[in-house]
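Chemist: One structure coming up, written as structure tokens, with questions to follow.
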Amino acid sequence: MSLLYLPAEFHLHTVLSACAEIEMIPPLIIRQAQRLGIQWLAVTDHNSAENARAVMEAGARAGIAVLPGMEVQTREEVHLLCLFEALEPALAWQEQVYQHLPDLPNREETFGSQLVVDAEGTFLRFQERLLQTSTSLSVEQVVTMVEALGGLVIPAHVDRPAFSLLANLGIIPPGLNIPAVEITPRLTPAQALERFPQLAGRTLITNGDAHRLSEMRGRTLFRVAAPTLAELRRALAGVDGRKVWVT
Amino acid sequence: MKIREITGLPDITTLVPPQTPDQEISGGYASDLLSCVMARAGAGNIWVTLQTHPNVVAVASLLDLAGVIITECADIAKIDAATIEKARTENVALFATPLTTFTIVARLARAGVPGIDEG
């Protein structure tokens, strides 16, 4: 079987995330991915997956694979990327997350708007509830629940001083089922290992955590048979000839 | 202030009693970022936090803290059972209170516990 080399960006916010720029709509995200040669994306809005379908549709038209996902905030204020094979489990996960989010209205004047759009980027509706806050779920609960839906969890930007597994919990909890750890583009994997010796032996990936188009990076390169979650697992585990590099 | 005196403070529940009750508390530290605690707190300190993750015990044990007070905890049943179990096995004194971190720190200060950055 011939393997593909796919530059990827797995931490991407759309206009559903209040902190994202208004340019973060499906057609512009896909156009930017094409410009940068990114061939594999994941949509990871804060505590919601309501724009995943739109980006997946826009990606499908351009031949760019898009995994539905979410950046969930645990009760410890740790940010975790949750990636799924298909929309259905991602939306099932969203339902569970919504049940564990405080039922508060979004304050647009403070946080910004949360927009649900279609594949063309056309406005459909506002998401009125506050998304950008902690769920009542622990890190361990999120990992267990996402795994039960066939998804996988990658702790986000662990080198950041807040909202990070290492900053907030100090130590990666023993036995936590995570196939990889995300670092920011601000440091190389070698620098990350030097600063955080406990990352030794972990698979590292880098994403732009893009809130605007210019923050998309595509610096993580995968060698996989196809852009599927099963193949992603193999690449993160480094088995069957599948592999991942931070470039 | 000795660690056993924490038990006598109002509104504080002892989840795991101290192994060395007569140990003098060397200072106080309050933060909910465990990485900051690891970087700054030291042996014999009392740590005040609202985090309840089992890693709280791991960090307290690593640093040989005198104990940990978990704040804003009106319902002790909401603390992860693994956290309390780990505190028992690692001999980390663990307390809980419905009061806020601010209030607890103020009470500790009035009882004579210094901050880690003061004499």
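Ligands are numbered from 1 in the order shown, chains are lettered A, B, ... in the order of the structure tokens, and residues start at 1 in each chain.
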Given a cut-off of 8 Å, which residues of chain B touch chain A, counting only C-alpha atoms, written out as a list in words?

Modeler: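 The answer, sorted by residue number, is Asp32, Leu33, Leu34, Ser35, Cys36, Met38, Gln51, His53, Asn55, Val56 and Val59 of chain B.
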
Chemist: At what distance in Å, to one decimal, does atom CA of Trp245 of chain A lie from atom CA of Arg219 of chain A?

Modeler: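 Between atom CA of Arg219 of chain A and atom CA of Trp245 of chain A the gap is 8.3 Å.
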
Chemist: Neighbours of segment 90-97 of chain B within 9 Å (only C-alpha atoms; same-chain residues fewer than 2 positions away dropped), as a ChimeraX atom specification?

Modeler: /B:3,6-7,11-19,57-58,60-61,64-76,84-88,99-100,104

Chemist: Rounded to one decimal, what separation in Å do you get between atom CA of Asn106 of chain A and atom CA of Asp45 of chain A?

Modeler: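 Atom CA of Asp45 of chain A lies at a distance of 14.9 Å from atom CA of Asn106 of chain A.
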
Chemist: Give the alpha helix (DSSP H) residues of chain B, as assigned by DSSP on the backbone, as a PyMOL selection string.

Modeler: chain B and resi 4-8+34-40+55-63+81-89+101-110

Chemist: Just the residues within 6 Å of Leu115 of chain A, please, counting only C-alpha atoms, with nothing from its chain fewer than 2 positions along; format it as a list in words.

Modeler: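 Listing them by chain and then by number gives Val15, Leu16 and Phe126 of chain A.
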
Chemist: Just list the residues in segment 23-158 of chain A DSSP gives strand (DSSP E or B) on the backbone, as an MDAnalysis selection string.

Modeler: chainID A and resid 40:43 46 65:73 79:83 105 115:117 123:126 129 152:155

Chemist: Could you turn the residues from that selection into a file that holds C-alpha atoms, as a CSV table (one decimal), in the first residue's frame?

Modeler:
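The resulting selection.csv:
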chain,number,residue,atom,x,y,z
A,40,TRP,CA,-5.6,17.5,6.6
A,41,LEU,CA,-7.6,19.7,9.0
A,42,ALA,CA,-9.5,19.3,12.3
A,43,VAL,CA,-12.1,21.8,13.4
A,46,HIS,CA,-14.3,25.8,22.2
A,65,ALA,CA,-9.9,16.0,4.6
A,66,VAL,CA,-11.5,17.5,7.7
A,67,LEU,CA,-11.9,15.7,11.1
A,68,PRO,CA,-14.7,17.0,13.3
A,69,GLY,CA,-13.4,17.9,16.7
A,70,MET,CA,-13.6,20.2,19.7
A,71,GLU,CA,-11.3,22.0,22.1
A,72,VAL,CA,-12.9,21.2,25.4
A,73,GLN,CA,-12.1,23.0,28.7
A,79,HIS,CA,-7.7,22.5,27.2
A,80,LEU,CA,-8.0,19.2,25.4
A,81,LEU,CA,-8.4,18.6,21.7
A,82,CYS,CA,-11.0,15.9,21.0
A,83,LEU,CA,-10.9,14.4,17.5
A,105,PRO,CA,-25.7,33.4,28.1
A,115,LEU,CA,-21.6,32.3,14.8
A,116,VAL,CA,-23.0,29.2,13.2
A,117,VAL,CA,-22.4,29.2,9.5
A,123,PHE,CA,-24.6,33.2,8.7
A,124,LEU,CA,-27.2,30.8,10.0
A,125,ARG,CA,-27.6,31.8,13.6
A,126,PHE,CA,-25.9,32.9,16.8
A,129,ARG,CA,-25.0,30.1,25.3
A,152,LEU,CA,-9.0,10.5,20.7
A,153,VAL,CA,-7.8,13.3,23.0
A,154,ILE,CA,-4.6,15.4,22.6
A,155,PRO,CA,-3.8,17.9,25.3

Chemist: Rounded to one decimal, what separation in Å do you get between atom CA of Gln23 of chain B and atom CA of Glu5 of chain B?

Modeler: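 Atom-to-atom, atom CA of Gln23 of chain B to atom CA of Glu5 of chain B, that is 10.0 Å.
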
Chemist: Which neighbours of segment 113-116 of chain B fall inside 6 Å, counting only C-alpha atoms, when residues of the same chain fewer than 5 positions from it are skipped, and could you give them as a PyMOL selection string?

Modeler: chain B and resi 27-28+108

Chemist: Can you tell me which residues surround segment 201-218 of chain A at a distance of at most 8 Å, considering only C-alpha atoms, apart from same-chain residues fewer than 5 positions away, and format the answer as an mmCIF file with C-alpha atoms, in the first residue's frame?

Modeler:
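Result written to around35.cif:
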data_model
loop_
_atom_site.group_PDB
_atom_site.id
_atom_site.type_symbol
_atom_site.label_atom_id
_atom_site.label_comp_id
_atom_site.auth_asym_id
_atom_site.auth_seq_id
_atom_site.Cartn_x
_atom_site.Cartn_y
_atom_site.Cartn_z
ATOM 1 C CA PRO A 7 0.708 18.323 6.166
ATOM 2 C CA ALA A 8 -1.899 18.845 8.869
ATOM 3 C CA GLU A 9 -3.435 21.495 11.111
ATOM 4 C CA PHE A 10 -5.523 20.035 13.909
ATOM 5 C CA HIS A 11 -6.204 23.049 16.111
ATOM 6 C CA LEU A 12 -8.447 25.439 14.286
ATOM 7 C CA HIS A 13 -11.152 27.824 15.464
ATOM 8 C CA THR A 14 -14.044 29.104 13.375
ATOM 9 C CA CYS A 19 -12.208 34.759 20.233
ATOM 10 C CA ALA A 20 -11.767 33.880 16.527
ATOM 11 C CA GLU A 21 -11.621 36.503 13.784
ATOM 12 C CA GLU A 23 -12.458 35.647 8.556
ATOM 13 C CA MET A 24 -12.553 32.137 10.079
ATOM 14 C CA LEU A 28 -11.539 31.032 3.623
ATOM 15 C CA ILE A 29 -10.138 28.357 5.950
ATOM 16 C CA GLN A 32 -5.802 29.192 3.235
ATOM 17 C CA ALA A 33 -5.192 25.467 3.673
ATOM 18 C CA LEU A 36 -0.244 26.508 2.550
ATOM 19 C CA GLY A 37 -0.458 22.980 1.157
ATOM 20 C CA ILE A 38 -2.303 21.722 4.230
ATOM 21 C CA PRO A 179 -1.649 9.308 22.001
ATOM 22 C CA ALA A 180 0.133 12.656 21.631
ATOM 23 C CA VAL A 181 0.656 16.078 23.159
ATOM 24 C CA GLU A 182 0.375 19.412 21.339
ATOM 25 C CA ILE A 183 3.028 22.107 21.660
ATOM 26 C CA THR A 184 2.768 25.636 20.281
ATOM 27 C CA PRO A 185 4.832 26.787 17.266
ATOM 28 C CA PRO A 189 10.081 19.660 19.971
ATOM 29 C CA LEU A 236 0.828 8.922 16.488
ATOM 30 C CA ALA A 237 1.823 5.477 17.755
ATOM 31 C CA VAL A 244 4.436 11.917 12.293
ATOM 32 C CA TRP A 245 7.004 14.703 12.141
ATOM 33 C CA VAL A 246 6.997 18.306 13.311
#
